[in-house]
Amino acid sequence: MLIFATRPLSFISSFHFPLQQFCNNTITSMDSSKLFSTMAADHSSSREPLKVESNGEAAISLQEWRGWGTTSTVPSMVTQVVEDLNMLEKNVDAQMVFGGNHGKLSGDFKVQEDKKHRAKYQSLGDSEQKLQFFSARQIACRVLGSRGYLCQKCWLCSGDCMCSKLITCPLWNRMRFWLYMHPKDFLRQNNTGKLLWQVFGVQGATLCLYGITEHEDMMWDALKLAGKDKVWCLYPNKNAPTNSVKDSMAGLSFANVENHPEMADGAHSLNFILIDGTWSNSGAMFSRLKDRYKLMWGEEEIPCITLNTGASLMHKLRPQPSWDRTCTAAAAIGLLDELHDLPNFVSYGLDKQAKALEDAVEVLFEALTTRRLRMGRSITRKQRHNRDLF
């Protein structure tokens, strides 16, 4: 998620993670022989293809599917892609194997599958069918290739699992985040959107995968129940006026709802859509949201909110195209903090919920940094900020 900023966000100042001290302590606290043997093992495992047995075990069960953070049934097109992969494996003299960290097909099977999926893509009649097939194939391969490699909860390598360090915190029950995620960010280890449902639970922060019909229908059904006056997208829409959090939320009142617990349903929740993808992919994702919003409510522009957020801690490992854009978790923290500053929201503990998510970002940062050090990789990324983008 990438968002414009106008001033540094206050929560950044509370990040007191001593990067250099942490690096030095990590290196000196490990036995040197253990450090180098672990590094060698990591390099070896990162190059070795991950095999997926195809004797009926490659199907994705509902339990496995939901274990990755989703709340839907297994998407029909994802199931079809898996079945096609199994059938292809039976028909060619090559075993289905995956290499790398993102479930990418590898070896001779990849050559055969490339030909098959490209031919199918070209045969599809319209852009909608092509998008659905693209998304389903990306997701199916990532799920199959991540079995036994990534922890289902935190999406990190099993040896780097950070689940035991995360502390959950209930989100205010009148608020819901929707993580509108691009398939190429699904199961990505340094993705920060996953932290929202890890901390707040899947009812407080729900995953919606771009181009997956079951997910998008589920989200829009919930938004329809809430009504258009309770739906916002956190996105810097340059083609239409955007409002600050104060402009959008200062006049809202929840006194009537709070006094009637039986009204605690989706119709009385504030829904915030976070676009979780690279900046280059976010434009198409936002256009799809606009089209669906217009189809549902007949209006050209979906209400957008811009935040006063700045660079997050993750900037050190995952630089954005410019310093005025930030990661998904930082955007959610910024929204919670800005809402808490408003008199009509101050009593809902949103500052504590922001702090819980902030702590989770630190845990993820530490886990990723530790892994990079162990593998002998740089813990900082080359700067690639382009000040002329806007």
# chains A, B, ... in the order shown; residues from 1 in each chain; ligands from 1

$ residues_around --residues "Met285 (chain A)" --least-positions-apart "6" --cutoff "10 Å" --atoms "only C-alpha atoms" --output "list in words"
Tyr180, Met181, His182, Tyr210, Gly211, Ile275, Asp276, Gly277 and Trp279 of chain A

$ write_last_selection --atoms "N, CA, C and O atoms" --output "JSON list (two decimals), in the first residue's frame"
[["chain", "number", "residue", "atom", "x", "y", "z"],
["A", 180, "TYR", "N", -7.25, -5.18, 0.23],
["A", 180, "TYR", "CA", -7.45, -5.50, -1.19],
["A", 180, "TYR", "C", -6.08, -5.77, -1.78],
["A", 180, "TYR", "O", -5.36, -4.85, -2.17],
["A", 181, "MET", "N", -5.73, -7.05, -1.85],
["A", 181, "MET", "CA", -4.35, -7.45, -2.11],
["A", 181, "MET", "C", -4.14, -7.98, -3.53],
["A", 181, "MET", "O", -4.94, -8.77, -4.04],
["A", 182, "HIS", "N", -3.05, -7.54, -4.14],
["A", 182, "HIS", "CA", -2.68, -8.05, -5.45],
["A", 182, "HIS", "C", -2.13, -9.47, -5.31],
["A", 182, "HIS", "O", -1.43, -9.76, -4.33],
["A", 210, "TYR", "N", -7.45, -9.47, -5.24],
["A", 210, "TYR", "CA", -7.75, -8.82, -6.51],
["A", 210, "TYR", "C", -7.93, -9.85, -7.62],
["A", 210, "TYR", "O", -7.08, -10.71, -7.84],
["A", 211, "GLY", "N", -9.08, -9.78, -8.30],
["A", 211, "GLY", "CA", -9.34, -10.68, -9.43],
["A", 211, "GLY", "C", -9.94, -12.01, -9.04],
["A", 211, "GLY", "O", -10.22, -12.83, -9.92],
["A", 275, "ILE", "N", -5.45, -0.63, -0.32],
["A", 275, "ILE", "CA", -4.92, -1.28, -1.51],
["A", 275, "ILE", "C", -3.53, -1.81, -1.18],
["A", 275, "ILE", "O", -2.61, -1.04, -0.88],
["A", 276, "ASP", "N", -3.38, -3.13, -1.20],
["A", 276, "ASP", "CA", -2.15, -3.79, -0.79],
["A", 276, "ASP", "C", -1.44, -4.36, -2.02],
["A", 276, "ASP", "O", -1.66, -5.50, -2.43],
["A", 277, "GLY", "N", -0.60, -3.53, -2.61],
["A", 277, "GLY", "CA", 0.15, -3.93, -3.79],
["A", 277, "GLY", "C", 1.20, -2.89, -4.11],
["A", 277, "GLY", "O", 1.24, -1.83, -3.48],
["A", 279, "TRP", "N", 3.12, 0.11, -6.14],
["A", 279, "TRP", "CA", 2.56, 1.33, -6.73],
["A", 279, "TRP", "C", 2.20, 1.09, -8.20],
["A", 279, "TRP", "O", 1.18, 1.58, -8.68]]

$ select_by_dssp --residues "region 55-222 of chain A" --states "alpha helix (DSSP H)" --output "PyMOL selection string"
chain A and resi 62-67+76-91+107-123+127-146+194-200+213-222

$ atom_distance --atom1 "CA of Val346 (chain A)" --atom2 "CA of Ile273 (chain A)"
21.8 Å

$ closest_residue --among "A:Leu171, A:Leu373, A:Leu131, A:Leu144" --to "Ala59 (chain A)" --atoms "only C-alpha atoms"
A:Leu144

$ residues_around --residues "Gly251 (chain A)" --least-positions-apart "6" --cutoff "10 Å" --atoms "only C-alpha atoms" --output "ChimeraX atom specification"
/A:342-344

$ residues_around --residues "Met77 (chain A)" --least-positions-apart "2" --cutoff "9 Å" --atoms "only C-alpha atoms" --output "JSON list (two decimals) with C-alpha atoms, in the first residue's frame"
[["chain", "number", "residue", "atom", "x", "y", "z"],
["A", 74, "VAL", "CA", -11.58, -22.17, -1.95],
["A", 75, "PRO", "CA", -12.09, -20.10, -5.14],
["A", 79, "THR", "CA", -9.25, -25.19, -7.72],
["A", 80, "GLN", "CA", -9.42, -25.48, -11.52],
["A", 81, "VAL", "CA", -5.84, -24.26, -11.92],
["A", 82, "VAL", "CA", -4.63, -26.86, -9.39],
["A", 132, "GLN", "CA", -9.44, -13.94, -13.15],
["A", 133, "PHE", "CA", -7.22, -16.60, -14.70],
["A", 136, "ALA", "CA", -6.04, -17.69, -9.82],
["A", 137, "ARG", "CA", -2.85, -19.08, -11.36],
["A", 212, "ILE", "CA", -10.80, -13.48, -7.28],
["A", 213, "THR", "CA", -14.58, -13.42, -7.74]]

$ closest_atom_pairs --of "region 167-276 of chain A" --to "region 295-311 of chain A" --cutoff "8 Å" --atoms "only C-alpha atoms" --output "JSON lines"
{"residue": "A:Lys224", "atom": "CA", "partner": "A:Met296", "partner_atom": "CA", "distance": 7.8}
{"residue": "A:Lys228", "atom": "CA", "partner": "A:Trp297", "partner_atom": "CA", "distance": 7.4}
{"residue": "A:Val231", "atom": "CA", "partner": "A:Pro303", "partner_atom": "CA", "distance": 7.2}
{"residue": "A:Trp232", "atom": "CA", "partner": "A:Pro303", "partner_atom": "CA", "distance": 5.2}
{"residue": "A:Cys233", "atom": "CA", "partner": "A:Cys304", "partner_atom": "CA", "distance": 4.8}
{"residue": "A:Leu234", "atom": "CA", "partner": "A:Ile305", "partner_atom": "CA", "distance": 4.9}
{"residue": "A:Tyr235", "atom": "CA", "partner": "A:Cys304", "partner_atom": "CA", "distance": 5.8}
{"residue": "A:Pro236", "atom": "CA", "partner": "A:Thr306", "partner_atom": "CA", "distance": 5.8}
{"residue": "A:Asn237", "atom": "CA", "partner": "A:Cys304", "partner_atom": "CA", "distance": 6.8}
{"residue": "A:Ala240", "atom": "CA", "partner": "A:Glu301", "partner_atom": "CA", "distance": 7.3}
{"residue": "A:Pro241", "atom": "CA", "partner": "A:Cys304", "partner_atom": "CA", "distance": 8.0}
{"residue": "A:Thr242", "atom": "CA", "partner": "A:Cys304", "partner_atom": "CA", "distance": 5.3}
{"residue": "A:Asn243", "atom": "CA", "partner": "A:Ile305", "partner_atom": "CA", "distance": 5.1}
{"residue": "A:Ser244", "atom": "CA", "partner": "A:Thr306", "partner_atom": "CA", "distance": 5.4}
{"residue": "A:Val245", "atom": "CA", "partner": "A:Ile305", "partner_atom": "CA", "distance": 6.3}
{"residue": "A:Ser248", "atom": "CA", "partner": "A:Ile305", "partner_atom": "CA", "distance": 7.6}

$ closest_residue --among "A:Ser158, A:Gln112, A:Thr326, A:Thr71" --to "Asn91 (chain A)" --atoms "only C-alpha atoms"
A:Gln112

$ residues_around --residues "Lys184 (chain A)" --least-positions-apart "5" --cutoff "9 Å" --atoms "only C-alpha atoms" --output "list of chain:residue names"
A:His102, A:Ser135, A:Gln138, A:Ile139, A:Arg142, A:Gly277, A:Thr278

$ write_last_selection --atoms "all heavy atoms" --output "tab-separated table (two decimals), in the first residue's frame"
chain	number	residue	atom	x	y	z
A	102	HIS	N	8.40	-17.66	-3.80
A	102	HIS	CA	7.04	-17.22	-4.12
A	102	HIS	C	6.26	-18.26	-4.91
A	102	HIS	O	5.34	-17.92	-5.63
A	102	HIS	CB	7.08	-15.91	-4.89
A	102	HIS	CG	7.71	-14.79	-4.14
A	102	HIS	ND1	7.22	-14.33	-2.94
A	102	HIS	CD2	8.81	-14.05	-4.40
A	102	HIS	CE1	7.97	-13.34	-2.50
A	102	HIS	NE2	8.95	-13.16	-3.36
A	135	SER	N	-4.98	-14.12	-11.84
A	135	SER	CA	-4.98	-14.09	-10.38
A	135	SER	C	-5.03	-15.49	-9.79
A	135	SER	O	-4.29	-15.82	-8.85
A	135	SER	CB	-6.16	-13.26	-9.86
A	135	SER	OG	-6.04	-11.91	-10.26
A	138	GLN	N	-1.64	-17.30	-10.23
A	138	GLN	CA	-0.63	-16.77	-9.29
A	138	GLN	C	-0.86	-17.34	-7.89
A	138	GLN	O	0.09	-17.78	-7.22
A	138	GLN	CB	-0.74	-15.24	-9.24
A	138	GLN	CG	-0.16	-14.51	-10.44
A	138	GLN	CD	1.36	-14.41	-10.38
A	138	GLN	OE1	1.94	-14.38	-9.31
A	138	GLN	NE2	1.99	-14.36	-11.53
A	139	ILE	N	-2.09	-17.31	-7.45
A	139	ILE	CA	-2.41	-17.73	-6.09
A	139	ILE	C	-2.24	-19.23	-5.91
A	139	ILE	O	-1.68	-19.70	-4.91
A	139	ILE	CB	-3.83	-17.27	-5.73
A	139	ILE	CG1	-3.85	-15.74	-5.60
A	139	ILE	CG2	-4.33	-17.93	-4.45
A	139	ILE	CD1	-5.22	-15.14	-5.64
A	142	ARG	N	1.42	-20.10	-5.68
A	142	ARG	CA	2.02	-19.64	-4.43
A	142	ARG	C	1.62	-20.54	-3.26
A	142	ARG	O	2.43	-20.82	-2.38
A	142	ARG	CB	1.63	-18.18	-4.17
A	142	ARG	CG	2.38	-17.21	-5.07
A	142	ARG	CD	1.78	-15.82	-5.09
A	142	ARG	NE	2.46	-15.00	-6.09
A	142	ARG	CZ	3.42	-14.12	-5.81
A	142	ARG	NH1	3.81	-13.94	-4.56
A	142	ARG	NH2	3.99	-13.44	-6.77
A	277	GLY	N	-0.60	-3.53	-2.61
A	277	GLY	CA	0.15	-3.93	-3.79
A	277	GLY	C	1.20	-2.89	-4.11
A	277	GLY	O	1.24	-1.83	-3.48
A	278	THR	N	2.04	-3.17	-5.08
A	278	THR	CA	3.05	-2.20	-5.46
A	278	THR	C	2.39	-0.99	-6.10
A	278	THR	O	1.24	-1.05	-6.56
A	278	THR	CB	4.04	-2.81	-6.46
A	278	THR	OG1	3.33	-3.17	-7.67
A	278	THR	CG2	4.71	-4.05	-5.88

$ residues_around --residues "Arg176 (chain A)" --least-positions-apart "2" --cutoff "7 Å" --atoms "only C-alpha atoms" --output "JSON list (two decimals) with all heavy atoms, in the first residue's frame"
[["chain", "number", "residue", "atom", "x", "y", "z"],
["A", 174, "ARG", "N", -16.83, -1.20, 15.57],
["A", 174, "ARG", "CA", -17.54, -0.41, 14.56],
["A", 174, "ARG", "C", -16.64, -0.11, 13.36],
["A", 174, "ARG", "O", -16.97, 0.73, 12.53],
["A", 174, "ARG", "CB", -18.03, 0.92, 15.15],
["A", 174, "ARG", "CG", -18.82, 0.79, 16.43],
["A", 174, "ARG", "CD", -20.06, -0.06, 16.27],
["A", 174, "ARG", "NE", -20.78, -0.19, 17.53],
["A", 174, "ARG", "CZ", -21.75, -1.06, 17.73],
["A", 174, "ARG", "NH1", -22.11, -1.88, 16.76],
["A", 174, "ARG", "NH2", -22.35, -1.15, 18.90],
["A", 178, "TRP", "N", -10.41, -3.67, 5.01],
["A", 178, "TRP", "CA", -10.41, -4.63, 3.89],
["A", 178, "TRP", "C", -9.04, -4.54, 3.22],
["A", 178, "TRP", "O", -8.67, -3.47, 2.74],
["A", 178, "TRP", "CB", -11.52, -4.31, 2.89],
["A", 178, "TRP", "CG", -12.88, -4.54, 3.45],
["A", 178, "TRP", "CD1", -13.70, -3.64, 4.07],
["A", 178, "TRP", "CD2", -13.60, -5.79, 3.46],
["A", 178, "TRP", "NE1", -14.87, -4.23, 4.46],
["A", 178, "TRP", "CE2", -14.85, -5.55, 4.10],
["A", 178, "TRP", "CE3", -13.31, -7.07, 2.98],
["A", 178, "TRP", "CZ2", -15.79, -6.56, 4.26],
["A", 178, "TRP", "CZ3", -14.26, -8.07, 3.16],
["A", 178, "TRP", "CH2", -15.47, -7.82, 3.79],
["A", 204, "GLY", "N", -11.89, -8.20, 11.95],
["A", 204, "GLY", "CA", -11.48, -6.80, 12.00],
["A", 204, "GLY", "C", -10.72, -6.37, 10.76],
["A", 204, "GLY", "O", -10.77, -5.19, 10.37],
["A", 205, "ALA", "N", -10.02, -7.30, 10.14],
["A", 205, "ALA", "CA", -9.24, -7.02, 8.92],
["A", 205, "ALA", "C", -9.37, -8.23, 8.01],
["A", 205, "ALA", "O", -8.87, -9.31, 8.33],
["A", 205, "ALA", "CB", -7.78, -6.76, 9.27],
["A", 269, "SER", "N", -20.85, -0.52, 10.66],
["A", 269, "SER", "CA", -19.39, -0.50, 10.70],
["A", 269, "SER", "C", -18.83, 0.46, 9.66],
["A", 269, "SER", "O", -19.38, 0.61, 8.56],
["A", 269, "SER", "CB", -18.84, -1.91, 10.42],
["A", 269, "SER", "OG", -19.20, -2.80, 11.45],
["A", 270, "LEU", "N", -17.72, 1.09, 10.01],
["A", 270, "LEU", "CA", -16.98, 1.92, 9.08],
["A", 270, "LEU", "C", -16.01, 1.01, 8.33],
["A", 270, "LEU", "O", -15.24, 0.27, 8.94],
["A", 270, "LEU", "CB", -16.21, 3.01, 9.82],
["A", 270, "LEU", "CG", -17.02, 3.88, 10.78],
["A", 270, "LEU", "CD1", -16.11, 4.91, 11.43],
["A", 270, "LEU", "CD2", -18.16, 4.57, 10.05],
["A", 271, "ASN", "N", -16.03, 1.07, 7.02],
["A", 271, "ASN", "CA", -15.23, 0.17, 6.19],
["A", 271, "ASN", "C", -14.13, 0.95, 5.47],
["A", 271, "ASN", "O", -14.42, 1.90, 4.73],
["A", 271, "ASN", "CB", -16.12, -0.53, 5.17],
["A", 271, "ASN", "CG", -17.09, -1.49, 5.82],
["A", 271, "ASN", "OD1", -16.82, -2.69, 5.92],
["A", 271, "ASN", "ND2", -18.25, -0.99, 6.25],
["A", 272, "PHE", "N", -12.90, 0.53, 5.68],
["A", 272, "PHE", "CA", -11.76, 1.18, 5.06],
["A", 272, "PHE", "C", -11.02, 0.19, 4.17],
["A", 272, "PHE", "O", -10.56, -0.85, 4.64],
["A", 272, "PHE", "CB", -10.81, 1.73, 6.12],
["A", 272, "PHE", "CG", -11.45, 2.77, 7.01],
["A", 272, "PHE", "CD1", -12.00, 2.42, 8.23],
["A", 272, "PHE", "CD2", -11.51, 4.10, 6.61],
["A", 272, "PHE", "CE1", -12.60, 3.37, 9.04],
["A", 272, "PHE", "CE2", -12.12, 5.06, 7.41],
["A", 272, "PHE", "CZ", -12.67, 4.69, 8.63]]

$ closest_residue --among "A:Val143, A:Val363, A:Cys154, A:Met162" --to "Trp197 (chain A)" --atoms "only C-alpha atoms"
A:Cys154

$ closest_residue --among "A:Arg118, A:Asp337, A:Met218, A:Arg288" --to "Lys130 (chain A)" --atoms "only C-alpha atoms"
A:Arg118

$ select_by_dssp --residues "region 44-276 of chain A" --states "strand (DSSP E or B)" --output "MDAnalysis selection string"
chainID A and resid 50:51 97:99 104:106 150 157 175:181 205:209 231:234 243 270:276

$ write_last_selection --atoms "N, CA, C and O atoms" --output "tab-separated table (two decimals), in the first residue's frame"
chain	number	residue	atom	x	y	z
A	50	LEU	N	11.20	-26.81	-4.43
A	50	LEU	CA	10.29	-27.41	-3.48
A	50	LEU	C	9.34	-28.33	-4.23
A	50	LEU	O	8.58	-27.88	-5.09
A	51	LYS	N	9.38	-29.60	-3.93
A	51	LYS	CA	8.56	-30.56	-4.66
A	51	LYS	C	7.16	-30.61	-4.09
A	51	LYS	O	6.95	-30.53	-2.89
A	97	VAL	N	7.54	-29.03	-9.73
A	97	VAL	CA	8.43	-28.53	-8.67
A	97	VAL	C	8.38	-27.01	-8.67
A	97	VAL	O	8.09	-26.37	-9.67
A	98	PHE	N	8.68	-26.46	-7.49
A	98	PHE	CA	8.67	-25.02	-7.31
A	98	PHE	C	10.01	-24.57	-6.76
A	98	PHE	O	10.61	-25.25	-5.94
A	99	GLY	N	10.48	-23.42	-7.21
A	99	GLY	CA	11.72	-22.87	-6.71
A	99	GLY	C	11.51	-21.44	-6.25
A	99	GLY	O	10.53	-20.79	-6.62
A	104	LYS	N	7.18	-20.18	-7.48
A	104	LYS	CA	7.38	-20.12	-8.93
A	104	LYS	C	7.75	-21.51	-9.45
A	104	LYS	O	8.62	-22.17	-8.91
A	105	LEU	N	7.06	-21.93	-10.49
A	105	LEU	CA	7.36	-23.22	-11.09
A	105	LEU	C	8.79	-23.24	-11.60
A	105	LEU	O	9.33	-22.21	-12.01
A	106	SER	N	9.38	-24.44	-11.60
A	106	SER	CA	10.78	-24.55	-11.95
A	106	SER	C	11.01	-25.80	-12.80
A	106	SER	O	10.18	-26.71	-12.81
A	150	LEU	N	6.69	-21.98	4.06
A	150	LEU	CA	6.25	-20.81	4.80
A	150	LEU	C	5.30	-21.20	5.93
A	150	LEU	O	4.51	-22.13	5.79
A	157	CYS	N	9.45	-17.96	6.44
A	157	CYS	CA	10.01	-19.31	6.43
A	157	CYS	C	9.80	-19.93	7.81
A	157	CYS	O	9.89	-19.24	8.83
A	175	MET	N	-15.53	-0.81	13.29
A	175	MET	CA	-14.54	-0.50	12.26
A	175	MET	C	-14.06	-1.79	11.60
A	175	MET	O	-13.92	-2.82	12.27
A	176	ARG	N	-13.83	-1.74	10.32
A	176	ARG	CA	-13.34	-2.92	9.61
A	176	ARG	C	-12.40	-2.50	8.49
A	176	ARG	O	-12.68	-1.58	7.73
A	177	PHE	N	-11.26	-3.18	8.42
A	177	PHE	CA	-10.32	-2.99	7.32
A	177	PHE	C	-10.55	-4.08	6.27
A	177	PHE	O	-10.81	-5.24	6.60
A	178	TRP	N	-10.41	-3.67	5.01
A	178	TRP	CA	-10.41	-4.63	3.89
A	178	TRP	C	-9.04	-4.54	3.22
A	178	TRP	O	-8.67	-3.47	2.74
A	179	LEU	N	-8.30	-5.63	3.22
A	179	LEU	CA	-6.99	-5.68	2.58
A	179	LEU	C	-7.19	-6.14	1.15
A	179	LEU	O	-7.34	-7.34	0.87
A	180	TYR	N	-7.25	-5.18	0.23
A	180	TYR	CA	-7.45	-5.50	-1.19
A	180	TYR	C	-6.08	-5.77	-1.78
A	180	TYR	O	-5.36	-4.85	-2.17
A	181	MET	N	-5.73	-7.05	-1.85
A	181	MET	CA	-4.35	-7.45	-2.11
A	181	MET	C	-4.14	-7.98	-3.53
A	181	MET	O	-4.94	-8.77	-4.04
A	205	ALA	N	-10.02	-7.30	10.14
A	205	ALA	CA	-9.24	-7.02	8.92
A	205	ALA	C	-9.37	-8.23	8.01
A	205	ALA	O	-8.87	-9.31	8.33
A	206	THR	N	-10.05	-8.05	6.91
A	206	THR	CA	-10.39	-9.16	6.02
A	206	THR	C	-9.64	-9.06	4.71
A	206	THR	O	-9.59	-8.00	4.09
A	207	LEU	N	-9.07	-10.19	4.29
A	207	LEU	CA	-8.33	-10.26	3.03
A	207	LEU	C	-9.28	-10.37	1.86
A	207	LEU	O	-10.21	-11.18	1.87
A	208	CYS	N	-9.05	-9.56	0.84
A	208	CYS	CA	-9.80	-9.63	-0.42
A	208	CYS	C	-8.78	-9.63	-1.56
A	208	CYS	O	-8.07	-8.65	-1.75
A	209	LEU	N	-8.71	-10.73	-2.28
A	209	LEU	CA	-7.71	-10.87	-3.33
A	209	LEU	C	-8.22	-10.33	-4.66
A	209	LEU	O	-9.31	-10.70	-5.12
A	231	VAL	N	-18.11	3.82	3.61
A	231	VAL	CA	-17.07	3.17	2.82
A	231	VAL	C	-16.06	4.22	2.35
A	231	VAL	O	-16.44	5.24	1.77
A	232	TRP	N	-14.78	3.96	2.61
A	232	TRP	CA	-13.71	4.85	2.16
A	232	TRP	C	-12.54	4.01	1.66
A	232	TRP	O	-12.32	2.89	2.12
A	233	CYS	N	-11.80	4.58	0.76
A	233	CYS	CA	-10.57	3.95	0.26
A	233	CYS	C	-9.40	4.84	0.64
A	233	CYS	O	-9.44	6.06	0.42
A	234	LEU	N	-8.37	4.26	1.20
A	234	LEU	CA	-7.16	5.02	1.53
A	234	LEU	C	-6.26	5.01	0.30
A	234	LEU	O	-5.49	4.08	0.06
A	243	ASN	N	-10.22	13.78	0.83
A	243	ASN	CA	-10.42	14.42	2.11
A	243	ASN	C	-9.46	13.88	3.15
A	243	ASN	O	-9.02	12.73	3.07
A	270	LEU	N	-17.72	1.09	10.01
A	270	LEU	CA	-16.98	1.92	9.08
A	270	LEU	C	-16.01	1.01	8.33
A	270	LEU	O	-15.24	0.27	8.94
A	271	ASN	N	-16.03	1.07	7.02
A	271	ASN	CA	-15.23	0.17	6.19
A	271	ASN	C	-14.13	0.95	5.47
A	271	ASN	O	-14.42	1.90	4.73
A	272	PHE	N	-12.90	0.53	5.68
A	272	PHE	CA	-11.76	1.18	5.06
A	272	PHE	C	-11.02	0.19	4.17
A	272	PHE	O	-10.56	-0.85	4.64
A	273	ILE	N	-10.92	0.52	2.88
A	273	ILE	CA	-10.24	-0.35	1.93
A	273	ILE	C	-8.79	0.10	1.80
A	273	ILE	O	-8.51	1.26	1.48
A	274	LEU	N	-7.88	-0.83	2.05
A	274	LEU	CA	-6.45	-0.57	1.88
A	274	LEU	C	-5.97	-1.33	0.65
A	274	LEU	O	-6.09	-2.56	0.59
A	275	ILE	N	-5.45	-0.63	-0.32
A	275	ILE	CA	-4.92	-1.28	-1.51
A	275	ILE	C	-3.53	-1.81	-1.18
A	275	ILE	O	-2.61	-1.04	-0.88
A	276	ASP	N	-3.38	-3.13	-1.20
A	276	ASP	CA	-2.15	-3.79	-0.79
A	276	ASP	C	-1.44	-4.36	-2.02
A	276	ASP	O	-1.66	-5.50	-2.43

$ atom_distance --atom1 "CA of Met87 (chain A)" --atom2 "CA of Glu214 (chain A)"
24.3 Å
